[in-house]
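Below is one structure, written out as structure tokens; comments come after it.
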Amino acid sequence: MCGDLELSQVKLKNIEKRTYMSYHQDGLIDIFIGIYILAFASGILLKTFLKLNTWFIFPAILPALLVPVWISAKKQITVPRIGYVKFKAAGANKMTAIFVGTMVAGVAMFFIFAFASTQSWALALRETIVANGMLFIGAGALLVTSLFGFTIGLKRLYGYGLLAMIFFAAAHFIAFPFEVILVIVGATIICCGFVLLYRFTKKYPVSQGE
Amino acid sequence: MAKESSDIKNIDRLIHEPNRLMIMAQLYVVESADFLFLQNQLQMTPGNLSSHLRKLEDAGYVEIVKEFIDKKPHTALELTGEGQRAFKNYKENLKQVLDDLPK
């Protein structure tokens with residue numbers, strides 16, 4: 001009986017991860033993550049050079065603009081080449097949980113900084129974060145990208161997290177401007193995305209018919 | 001021995017064929033997928049894939065759903081409730097048979 005062979009092939013988790021990976025091998029997710037990081041850096045640069053206090057609106061509203069463009073790019077570039085797949089709600093729920101978790105952590109930090117400053121423990125925590133800001137941001141980036149990478153099976157996201165961690169840790173020790181680090185990380189991720197997109201379009205030419 | 005042979009008889013032969021097993025496993029982990037996606041994922045020729053899909057559709061395991069995405073006609077494939085049950089049973093039965101084998 002060839003059951004051993006078949007059972008080893010039917011590792012459903014692996015099939016699920018391989019499906020996610022093949023859907024994101026086009027590099028579009030990388031390009032959009034990179035654009036978002038660059039937009040964040042641009043927001044900070046606007047604040048620095050043009051003294052715009054509403055700079056945070058730019059990166060805040062950008063996801064609302066980028067997501068429809070990303071969906072449209074998927075339909076125009078990915079689907080005609082590798083076909084269409086609709087994932088189960090469970091996978092999307094995991095992604096949402098990580099996204100919401102990240103947002104909650106961000107809001108918690110905001111409260112620590114803004115409202116809990118009268119508490120001694122909050123003051124101590126705030127001082128520690130301010131003193132090691134770059135290290136905290138780097139570790140946060142590594143954690144969030146690793147969680148997303150693990151959930152959707154995209155190992156290169158670990159690499160991006162590690163890259164961000166290395167740059168932010170270096171900036172902590174050599175006092176490099178935060179926005180410049182963001183530009184370097186964002187531009188590197190965009191370049192990786194375009195290389196992946198080029199390879200994807202060469203590997204999968206547009207299929208004729210459905 | 002009699003139990004083992006009855007377990008083996010419970011294995012769904014329609015799913016047990018390697019290509020159909022991979023089609024069922026692929027559709028089990030997603031909501032739905034189209035023909036091109038399955039062909040790319042499973043590295044099967046259109047003729048081969050279409051012939052196995054027809055058998056699975058005839059058995060009521062796979063459903064072909066015609067829908068419109070952005071006003072364009074689109075054919076999606078998904079496991080039916082019966083197909084999901086059959087695949088779960090197949091996995092459990094095969095695991096049982098292999099677990100019962102002497103080490």
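Note on naming: chains are A, B, ... as they come in the structure tokens, residues start from 1 per chain, ligands start from 1 in the order shown.
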
Task: 8 Å contact set for Met24 in chain B, only C-alpha atoms, chain neighbours under 3 positions out, as a PyMOL selection string - done: chain B and resi 15+20-21+27-28+79+83+87

Let's have the selection written as a PDB file, in the first residue's frame, with N, CA and C atoms.
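Printed below is selection-v4.pdb as written:
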```pdb
ATOM      1  N   ILE B  15     -10.934   8.878  -3.675  1.00  0.00           N
ATOM      2  CA  ILE B  15     -10.001   9.888  -3.154  1.00  0.00           C
ATOM      3  C   ILE B  15      -8.578   9.336  -3.109  1.00  0.00           C
ATOM      4  N   ARG B  20      -6.147  12.774  -7.404  1.00  0.00           N
ATOM      5  CA  ARG B  20      -7.423  13.239  -6.832  1.00  0.00           C
ATOM      6  C   ARG B  20      -7.242  13.581  -5.352  1.00  0.00           C
ATOM      7  N   LEU B  21      -6.369  12.844  -4.690  1.00  0.00           N
ATOM      8  CA  LEU B  21      -6.090  13.129  -3.275  1.00  0.00           C
ATOM      9  C   LEU B  21      -5.515  14.546  -3.132  1.00  0.00           C
ATOM     10  N   LEU B  27      -8.273  21.707  -2.256  1.00  0.00           N
ATOM     11  CA  LEU B  27      -9.561  22.392  -2.108  1.00  0.00           C
ATOM     12  C   LEU B  27     -10.027  22.413  -0.657  1.00  0.00           C
ATOM     13  N   TYR B  28      -9.544  21.441   0.132  1.00  0.00           N
ATOM     14  CA  TYR B  28      -9.929  21.372   1.556  1.00  0.00           C
ATOM     15  C   TYR B  28      -9.375  22.563   2.351  1.00  0.00           C
ATOM     16  N   LEU B  79     -15.070  22.305  -2.577  1.00  0.00           N
ATOM     17  CA  LEU B  79     -15.537  21.029  -2.049  1.00  0.00           C
ATOM     18  C   LEU B  79     -16.968  21.197  -1.564  1.00  0.00           C
ATOM     19  N   GLY B  83     -18.129  16.304   0.073  1.00  0.00           N
ATOM     20  CA  GLY B  83     -16.709  16.170  -0.236  1.00  0.00           C
ATOM     21  C   GLY B  83     -15.840  16.403   0.997  1.00  0.00           C
ATOM     22  N   PHE B  87     -13.491  13.569   2.692  1.00  0.00           N
ATOM     23  CA  PHE B  87     -12.046  13.763   2.852  1.00  0.00           C
ATOM     24  C   PHE B  87     -11.621  13.561   4.307  1.00  0.00           C
TER      25      PHE B  87
END
```

Enumerate, as a compact mmCIF listing (two decimals) with C-alpha atoms, in the first residue's frame, the complete set of residues in chain B that a backbone-based DSSP assignment places in strand (DSSP E).
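The resulting file, part_28.txt, is reproduced below:
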```txt
# COMPACT_ATOMS: atom_id res chain seq x y z
CA VAL B 30 -9.17 26.96 0.73
CA GLU B 31 -12.68 28.30 0.28
CA SER B 32 -12.52 27.95 -3.50
CA ALA B 33 -10.02 28.06 -6.35
CA ASP B 34 -10.22 28.21 -10.12
CA VAL B 62 -16.56 18.91 -5.92
CA GLU B 63 -18.91 21.65 -7.04
CA ILE B 64 -18.33 23.92 -10.01
CA VAL B 65 -19.57 27.40 -9.16
CA LYS B 66 -20.19 29.90 -11.96
CA GLU B 67 -19.94 33.44 -10.68
CA PHE B 68 -19.18 36.97 -11.81
CA ILE B 69 -16.09 38.78 -10.53
CA LYS B 72 -16.51 38.95 -15.79
CA PRO B 73 -17.67 35.29 -15.78
CA HIS B 74 -15.54 33.11 -13.56
CA THR B 75 -15.59 29.41 -12.74
CA ALA B 76 -14.60 28.45 -9.22
CA LEU B 77 -14.21 24.97 -7.78
CA GLU B 78 -14.99 24.08 -4.20
CA LEU B 79 -15.54 21.03 -2.05
```

Task: Neighbours of chain B in chain A at 7 Å, counting only C-alpha atoms, as a list in words - done: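 The contacting residues on chain A are Glu6, Val10, Leu12, Ile15, Glu16, Ile82, Gly83, Tyr84, Val85, Lys86, Phe87 and Lys88 of chain A.
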
Selection to disk with C-alpha atoms, as a short mmCIF file (atom, residue, chain, number, x, y, z; two decimals), in the first residue's frame:
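This went into result07.cif:
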```cif
data_model
loop_
_atom_site.label_atom_id
_atom_site.label_comp_id
_atom_site.auth_asym_id
_atom_site.auth_seq_id
_atom_site.Cartn_x
_atom_site.Cartn_y
_atom_site.Cartn_z
CA GLU A 6 0.29 9.84 0.29
CA VAL A 10 -1.20 15.36 2.65
CA LEU A 12 -2.67 20.08 5.21
CA ILE A 15 -0.42 22.76 1.67
CA GLU A 16 -2.15 25.78 3.23
CA ILE A 82 -1.59 31.83 -11.45
CA GLY A 83 -5.36 31.80 -11.14
CA TYR A 84 -7.83 32.82 -8.49
CA VAL A 85 -8.09 31.46 -4.96
CA LYS A 86 -10.35 32.45 -2.11
CA PHE A 87 -8.88 31.65 1.31
CA LYS A 88 -10.89 30.38 4.23
#
```

Task: Separation of CA of Leu142 in chain A from CA of Ala175 in chain A, in Å and rounded to one decimal - done: 20.0 Å

Task: Filtered DSSP result for chain B, state alpha helix (DSSP H), as an NGL selection string - done: :B and (2-9 or 13-16 or 18-28 or 35-42 or 46-58 or 81-100)

TODO: Could you give me, as a ChimeraX atom specification, the residues within 12 Å of Val69 in chain A, counting only C-alpha atoms and dropping anything in the same chain fewer than 6 positions from it?
DONE: /A:28-29,31-32,35,62-63,75-77

Output file for the residues above (N, CA and C atoms, as a tab-separated table (two decimals), in the first residue's frame):
```tsv
chain	number	residue	atom	x	y	z
A	28	LEU	N	4.04	41.79	-4.74
A	28	LEU	CA	3.19	42.98	-4.57
A	28	LEU	C	3.08	43.38	-3.10
A	29	ILE	N	2.98	42.40	-2.22
A	29	ILE	CA	2.84	42.72	-0.79
A	29	ILE	C	4.10	43.45	-0.31
A	31	ILE	N	6.11	45.37	-2.18
A	31	ILE	CA	6.11	46.73	-2.73
A	31	ILE	C	5.20	47.63	-1.89
A	32	PHE	N	4.02	47.11	-1.53
A	32	PHE	CA	3.08	47.94	-0.77
A	32	PHE	C	3.54	48.17	0.67
A	35	ILE	N	6.15	50.85	0.30
A	35	ILE	CA	5.54	52.17	0.03
A	35	ILE	C	5.00	52.75	1.33
A	62	LEU	N	-3.19	56.36	4.52
A	62	LEU	CA	-2.60	55.65	3.38
A	62	LEU	C	-3.11	54.21	3.20
A	63	PRO	N	-3.25	53.41	4.29
A	63	PRO	CA	-3.76	52.05	4.09
A	63	PRO	C	-5.10	52.03	3.36
A	75	LYS	N	-5.61	41.57	-9.03
A	75	LYS	CA	-6.53	41.13	-10.09
A	75	LYS	C	-5.90	41.28	-11.48
A	76	GLN	N	-5.11	42.35	-11.65
A	76	GLN	CA	-4.53	42.62	-12.96
A	76	GLN	C	-3.26	41.81	-13.22
A	77	ILE	N	-2.48	41.54	-12.18
A	77	ILE	CA	-1.16	40.91	-12.38
A	77	ILE	C	-1.16	39.44	-11.95
```

Task: Point-to-point distance in Å for CA of Lys13 in chain A and CA of Glu92 in chain B - done: 16.1 Å
